[in-house]
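What follows is one structure encoded as structure tokens, with my remarks underneath.
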Amino acid sequence: MSGLRRGWFAVALAVALAAVLTFLTLPVVAIFVQQPPGDLIAALGEEGALDALWLSLRTTSAALALILMAGTPAAYLLATRRFRGRAAVITLIELPLVLPPAVAGIALLAALGPATVLGRAAGDAGAPLSLATAGVVVALTFVAAPFYLRQAIAAFEAVDPTLLDASRTLGASPARTWWRVAVPTALPGLVAGTALALGRALGEFGATLMFAGSFQGITQTVPLAIYDRFATDFTAALALSAVLVAVSAGILLSVKLVRGPDVLRG
Amino acid sequence: MNAEPTASAGTGLGVDARTRLGELALDVALEVAAGECLALAGASGAGKTSVLRTVAGLLRPEHGRVVCGGEVWLDTAGGVDRAPERRRCGYLFQEYALFGHLSAWRNVAYGLHETPRGEREARARALLERFGLAPRADARPATLSGGERQRVALARALARRPHALLLDEPLSALDARTRAAATRELGGVIRAAGVPVLLVTHDFAEAALLGDRVAVMDGGRVLQEGTASALAATPASAFVADFTGAVVLTGRARRGAGDVIVVALDGGGEATALAGEEGAVAVSVYPWEITLARPGEAAHDSARNHLDVDVLSVTTVGTRVRVGLAAPQPLVAELSEASARELDLVRGGRAVASFKAAAARVLPL
């Protein structure tokens with residue numbers, strides 16, 4: 001009797017899993033099977049699509065470079081020092097994580113828009129932000145940085161402080177200790193954080209659209225190009241989406257590979 | 001205490017530190033001559049590691065002075081506080097703190113940045129070879145055994161030619177089998193170091209084996225300092241006696257006939273000693289000074305102290321037998337295997353424990 005009930009329950013669990021799996025994978029699979037693969041590849045050859053891919057690659061790389069260069073030392077500071085207001089600082093850093101993209105766009109316009117002091121200063125310096133590629137980088141950095149920072153803080157917090165002490169007694173300065181011991185030891189976490197920020201930056205849509213606009217070759221990243229085409233050229237939209245799916249899957253896989261041994265050691 | 005002012009002026013190490021560390025009030029003043037090993041012994045939380053961290057510059061006391069080899073490393077009054085990387089300390093950390101992302105030889109080479117780049121690897125490998133680790137030089141710490149890790153950490157601590165060697169529980173992370181060999185080897189390293197050595201341990205036997213002198217610490221202070229045999233023979237307090245492995249019984253002392261001290265033991269029984277203070281005291285006796293007899297068969301020897309005891313445990317350690325007793329206060333007697341067999345000691349049995357008045361040391365509580 002109880003064996004029968006357990007059998008029934010196991011079936012229910014399997015059905016639930018099948019339903020979840022189907023619902024979550026069907027749309028993704030549909031991107032690849034809606035049109036013949038040949039048509040998708042041909043659509044990618046279109047000039048606008050290539051422009052979008054190239055722009056996304058450049059702006060995402062630039063945003064990630066900024067995030068890594070400023071975020072890594074900042075995360076180390078937050079992870080290793082205890083000071084008044086530390087919790088508040090971390091909360092402020094995490095705020096963009098939960099901010100709706102439209103609010104992020106408005107916030108960037110309010111702070112750095114063409115009518116603001118900072119926006120004008122950037123324009124005068126020859127690097128206008130709104131309606132310019134630099135603006136896309138700003139928007140991507142704003143929304144993606146918290147993903148990296150959170151991971152990086154956690155990764156640096158997990159570094160055994162005795163290792164840092166050992167490095168100092170072996171004659172290394174604090175900066176050398178950071179570069180030669182803290183960063184290599186925290187590397188798996190830093191790579192995972194980079195991948196998360198990369199994924200977020202690649203898919204950024206709302207803040208970019210509002211702050212930088214959607215001009216082909218200048219501010220139209222892949223997600224904006226998909227939105228631009230879905231009503232007029234569905235095949236092109238599908239083709240660009242397929243590229244993002246492939247890249248996202250690659251990111252997810254690499255995170256799992258990097259964290260894998262870490263989790264096992266855990 | 002052995003406070004030769006010349007030690008810190010010459011090649012020795014002088015530490016003086018007073019500071020609050022949470023619950024602990026650290027207050028120590030120590031001198032170690034070059035080539036000498038001072039063992040800081042005590043229970044965990046006594047402040048031993050804090051002394052090492054103060055010397056290395058990893059902990060800044062509120063008031064303190066650290067002088068090594070004639071160089072002032074710390075002088076809070078004079079505003080001197082050298083960064084850890086500018087004090088030449090070879091520090092062996094408790095869990096060794098090897099860098100997991102570097103191979104054994106790169107761990108050793110890490111401290112060699114004053115050596116020309118081209119010579120670092122050869123020097124690191126030569127040091128590892130000295131510790132019998134040449135074949136493991138390219139292995140990562142995670143794949144090394146506990147004993148191998150300890151030796152890599154030791155080689156790394158020595159690589160920079162330190163002016164002081166700080167060893168924090170160098171043997172406690174090792175299993176019993178590796179420990180005997182590692183102790184011998186460490187003794188050799190300490191003797192060959194030629195610099196002041198501070199060794200932290202919670203084990204008095206280890207301190208006695210490796211230290212030229214032992215400083216027993218508790219609650220952030222040094223309770224007593226001297227050679228291990230001096231501490232064992234004349235402990236200054238019940239804590240030190242207990243720490244050196246003596247049996248400690250508490251009670252109230254009064255002056256008896258013939259100017260002896262008679263202690264009414266807490267829980268029952270009486271002990272006589274030749275000297276001591278009146279009032280609340282601890283009586284300490286070493287386990288090998290206690291003899292055992294069957295009930296009713298004692299009193300034929302010259303010992304003045306006889307306690308009726310219950311046998312709680314009988315443990316053979318090598319050729320000796322340790323007998324756990326309750327009088328009802330706990331005590332331990334150590335006898336030869338032969339006499340234990342003769343007495344037919346069993347758990348739950350009764351016996352009479354005897355010791356001479358001269359063997360009983362009365363210490364104020």
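We label chains A, B, ... in the order they appear in the structure tokens, count residues from 1 in each chain, and number ligands from 1 in the order shown.
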
Please report as number ranges by chain which residues of chain A come no farther than 8 Å from chain B, using only C-alpha atoms. A: 162-163, 165-173, 181, 184-185

Tell me, which residues of segment 68-161 of chain B carry DSSP strand (DSSP E), written as a count of residues only? 12

Tell me which protein, DNA and RNA residues are within 10 Å of Val258 of chain A, counting only C-alpha atoms, leaving out same-chain ones fewer than 5 positions away, and put them as a PyMOL selection string. chain A and resi 187-192+253+263

Give me, please, the distance in Å between atom CA of Ala104 of chain B and atom CA of Leu128 of chain B, quoted to one decimal. 8.3 Å

DSSP on the backbone: which residues in segment 103-332 of chain B end up as alpha helix (DSSP H)? Give the answer as a PyMOL selection string. chain B and resi 104-109+117-130+146-159+176-193+204-210+228-233+238-243

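Closest to Gly276 of chain B among B:Lys48, B:Arg341, B:Arg60, B:Arg361 is B:Arg361, based on only C-alpha atoms.
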
Give me the residues near Asp301 of chain B as an mmCIF file with C-alpha atoms, in the first residue's frame, where near means some atom within 12 Å (using only C-alpha atoms) and where sequence neighbours in that chain fewer than 3 positions away do not count.
```
data_model
loop_
_atom_site.group_PDB
_atom_site.id
_atom_site.type_symbol
_atom_site.label_atom_id
_atom_site.label_comp_id
_atom_site.auth_asym_id
_atom_site.auth_seq_id
_atom_site.Cartn_x
_atom_site.Cartn_y
_atom_site.Cartn_z
ATOM 1 C CA THR B 291 53.165 4.394 45.203
ATOM 2 C CA LEU B 292 50.188 2.070 45.493
ATOM 3 C CA ALA B 293 49.411 -0.763 47.907
ATOM 4 C CA GLU B 297 48.962 -3.294 53.527
ATOM 5 C CA ALA B 298 50.390 0.212 53.379
ATOM 6 C CA ARG B 304 53.811 9.909 55.622
ATOM 7 C CA ASN B 305 50.876 10.357 53.272
ATOM 8 C CA HIS B 306 48.365 7.585 52.745
ATOM 9 C CA ALA B 353 48.092 5.767 47.506
ATOM 10 C CA SER B 354 51.252 6.824 49.363
ATOM 11 C CA PHE B 355 53.772 9.597 48.881
ATOM 12 C CA LYS B 356 56.480 11.201 51.005
#
```

Rank B:Met217, B:Ala181, B:Ala43, B:Leu223 by their smallest atom-to-atom distance to Asp203 of chain B, using only C-alpha atoms, and report the top residue only.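 Using only C-alpha atoms, the shortest distance to Asp203 of chain B belongs to B:Ala43.
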
Provide the atom CA of Leu24 of chain B to atom CA of Ser44 of chain B distance in Å, to one decimal place.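 A separation of 11.7 Å between them.
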
So how many Å separate atom CA of Val143 of chain A and atom CA of Ala102 of chain A, to one decimal?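 So the two atoms, atom CA of Val143 of chain A and atom CA of Ala102 of chain A, lie 11.3 Å apart.
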
Skipping near chain neighbours, those fewer than 6 positions away, what residues fall within 8 Å of segment 64-69 of chain B using only C-alpha atoms, listed as JSON, numbers by chain? {"B": [8, 9, 10, 11, 12, 13, 14, 15, 16, 17, 18, 54, 55, 75, 76, 77, 163, 164]}

With all heavy atoms retained, write the just-selected residues as a CSV table (one decimal), in the first residue's frame.
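Result file again.csv:
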```
chain,number,residue,atom,x,y,z
B,8,SER,N,68.8,42.1,24.1
B,8,SER,CA,68.2,42.8,23.0
B,8,SER,C,69.1,43.8,22.4
B,8,SER,O,68.9,44.2,21.2
B,8,SER,CB,67.0,43.6,23.6
B,8,SER,OG,67.3,44.3,24.7
B,9,ALA,N,70.2,44.2,23.1
B,9,ALA,CA,71.1,45.1,22.5
B,9,ALA,C,72.0,44.5,21.5
B,9,ALA,O,72.4,45.1,20.5
B,9,ALA,CB,72.0,45.7,23.6
B,10,GLY,N,72.2,43.2,21.6
B,10,GLY,CA,73.1,42.5,20.7
B,10,GLY,C,72.3,41.8,19.6
B,10,GLY,O,71.7,42.4,18.8
B,11,THR,N,72.4,40.4,19.6
B,11,THR,CA,71.8,39.7,18.5
B,11,THR,C,70.5,39.0,18.9
B,11,THR,O,69.9,38.3,18.1
B,11,THR,CB,72.8,38.6,18.0
B,11,THR,OG1,73.2,37.9,19.1
B,11,THR,CG2,73.9,39.3,17.3
B,12,GLY,N,70.1,39.2,20.2
B,12,GLY,CA,68.9,38.5,20.7
B,12,GLY,C,67.6,39.2,20.3
B,12,GLY,O,67.6,40.2,19.5
B,13,LEU,N,66.5,38.7,20.9
B,13,LEU,CA,65.2,39.2,20.6
B,13,LEU,C,64.6,39.7,21.9
B,13,LEU,O,64.7,38.9,22.9
B,13,LEU,CB,64.3,38.2,19.9
B,13,LEU,CG,62.8,38.4,19.8
B,13,LEU,CD1,62.6,39.5,18.7
B,13,LEU,CD2,62.1,37.1,19.5
B,14,GLY,N,64.1,40.8,22.0
B,14,GLY,CA,63.4,41.3,23.2
B,14,GLY,C,62.0,41.7,22.8
B,14,GLY,O,61.8,42.5,21.9
B,15,VAL,N,61.0,41.2,23.6
B,15,VAL,CA,59.6,41.6,23.3
B,15,VAL,C,59.0,42.1,24.6
B,15,VAL,O,59.2,41.5,25.7
B,15,VAL,CB,58.7,40.3,22.9
B,15,VAL,CG1,57.5,40.8,22.3
B,15,VAL,CG2,59.5,39.3,22.2
B,16,ASP,N,58.3,43.1,24.5
B,16,ASP,CA,57.6,43.7,25.6
B,16,ASP,C,56.3,44.2,25.1
B,16,ASP,O,56.2,45.0,24.2
B,16,ASP,CB,58.5,44.9,26.1
B,16,ASP,CG,58.1,45.3,27.5
B,16,ASP,OD1,57.0,45.1,27.9
B,16,ASP,OD2,59.0,45.9,28.2
B,17,ALA,N,55.2,43.6,25.6
B,17,ALA,CA,53.9,44.0,25.0
B,17,ALA,C,52.8,44.1,26.1
B,17,ALA,O,52.7,43.2,26.9
B,17,ALA,CB,53.5,43.0,23.9
B,18,ARG,N,52.0,45.1,26.0
B,18,ARG,CA,50.9,45.3,26.9
B,18,ARG,C,49.7,45.7,26.1
B,18,ARG,O,49.8,46.8,25.4
B,18,ARG,CB,51.1,46.3,28.0
B,18,ARG,CG,51.6,45.7,29.3
B,18,ARG,CD,52.0,46.7,30.3
B,18,ARG,NE,53.0,47.6,29.8
B,18,ARG,CZ,52.9,48.9,29.8
B,18,ARG,NH1,51.8,49.5,30.3
B,18,ARG,NH2,53.9,49.7,29.3
B,54,THR,N,52.9,39.7,17.6
B,54,THR,CA,53.5,41.0,17.9
B,54,THR,C,54.9,41.2,17.4
B,54,THR,O,55.3,42.2,16.8
B,54,THR,CB,53.5,41.2,19.5
B,54,THR,OG1,52.1,41.1,19.9
B,54,THR,CG2,54.0,42.6,19.9
B,55,VAL,N,55.7,40.1,17.6
B,55,VAL,CA,57.1,40.1,17.1
B,55,VAL,C,57.1,40.3,15.5
B,55,VAL,O,57.8,41.1,15.0
B,55,VAL,CB,57.8,38.8,17.5
B,55,VAL,CG1,59.2,38.8,16.8
B,55,VAL,CG2,57.9,38.7,19.0
B,75,ASP,N,58.3,50.3,18.6
B,75,ASP,CA,58.5,51.1,19.8
B,75,ASP,C,57.3,52.0,19.9
B,75,ASP,O,57.4,53.1,19.2
B,75,ASP,CB,59.8,51.8,19.8
B,75,ASP,CG,60.0,52.5,21.2
B,75,ASP,OD1,59.2,52.4,22.0
B,75,ASP,OD2,61.1,53.2,21.3
B,76,THR,N,56.2,51.6,20.5
B,76,THR,CA,55.0,52.4,20.5
B,76,THR,C,55.3,53.8,21.1
B,76,THR,O,54.7,54.8,20.7
B,76,THR,CB,53.8,51.7,21.2
B,76,THR,OG1,54.3,51.3,22.5
B,76,THR,CG2,53.3,50.5,20.5
B,77,ALA,N,56.2,53.9,22.1
B,77,ALA,CA,56.5,55.2,22.7
B,77,ALA,C,57.3,56.0,21.7
B,77,ALA,O,57.0,57.3,21.7
B,77,ALA,CB,57.3,55.0,24.0
B,163,HIS,N,66.0,36.8,10.9
B,163,HIS,CA,66.8,37.2,12.1
B,163,HIS,C,66.1,36.7,13.4
B,163,HIS,O,66.6,36.8,14.5
B,163,HIS,CB,66.9,38.7,12.2
B,163,HIS,CG,67.7,39.2,11.1
B,163,HIS,ND1,67.9,40.6,10.8
B,163,HIS,CD2,68.4,38.6,10.1
B,163,HIS,CE1,68.7,40.7,9.7
B,163,HIS,NE2,69.0,39.5,9.3
B,164,ALA,N,64.9,36.1,13.3
B,164,ALA,CA,64.2,35.5,14.4
B,164,ALA,C,63.3,34.4,13.8
B,164,ALA,O,62.7,34.6,12.7
B,164,ALA,CB,63.4,36.5,15.2
```

Which residue, B:Leu59, B:Ala246, B:Val189, B:Leu38, has the smallest gap to Arg20 of chain B when you use only C-alpha atoms? B:Leu59

Give me the residues within 8 Å of segment 321-330 of chain B as an NGL selection string, counting only C-alpha atoms and dropping any in the same chain fewer than 2 places off. :B and (249 or 266-269 or 307-319 or 332-337 or 340)

Quick one: residues within 12 Å of Val89 of chain A, only C-alpha atoms counted, chain neighbours fewer than 5 positions away excluded, as a list in words?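 Everything that qualifies: Ala74, Ala75, Leu77, Leu78, Ala79, Arg82, Phe83, Arg84, Glu94, Leu95, Pro146, Leu149 and Arg150 of chain A.
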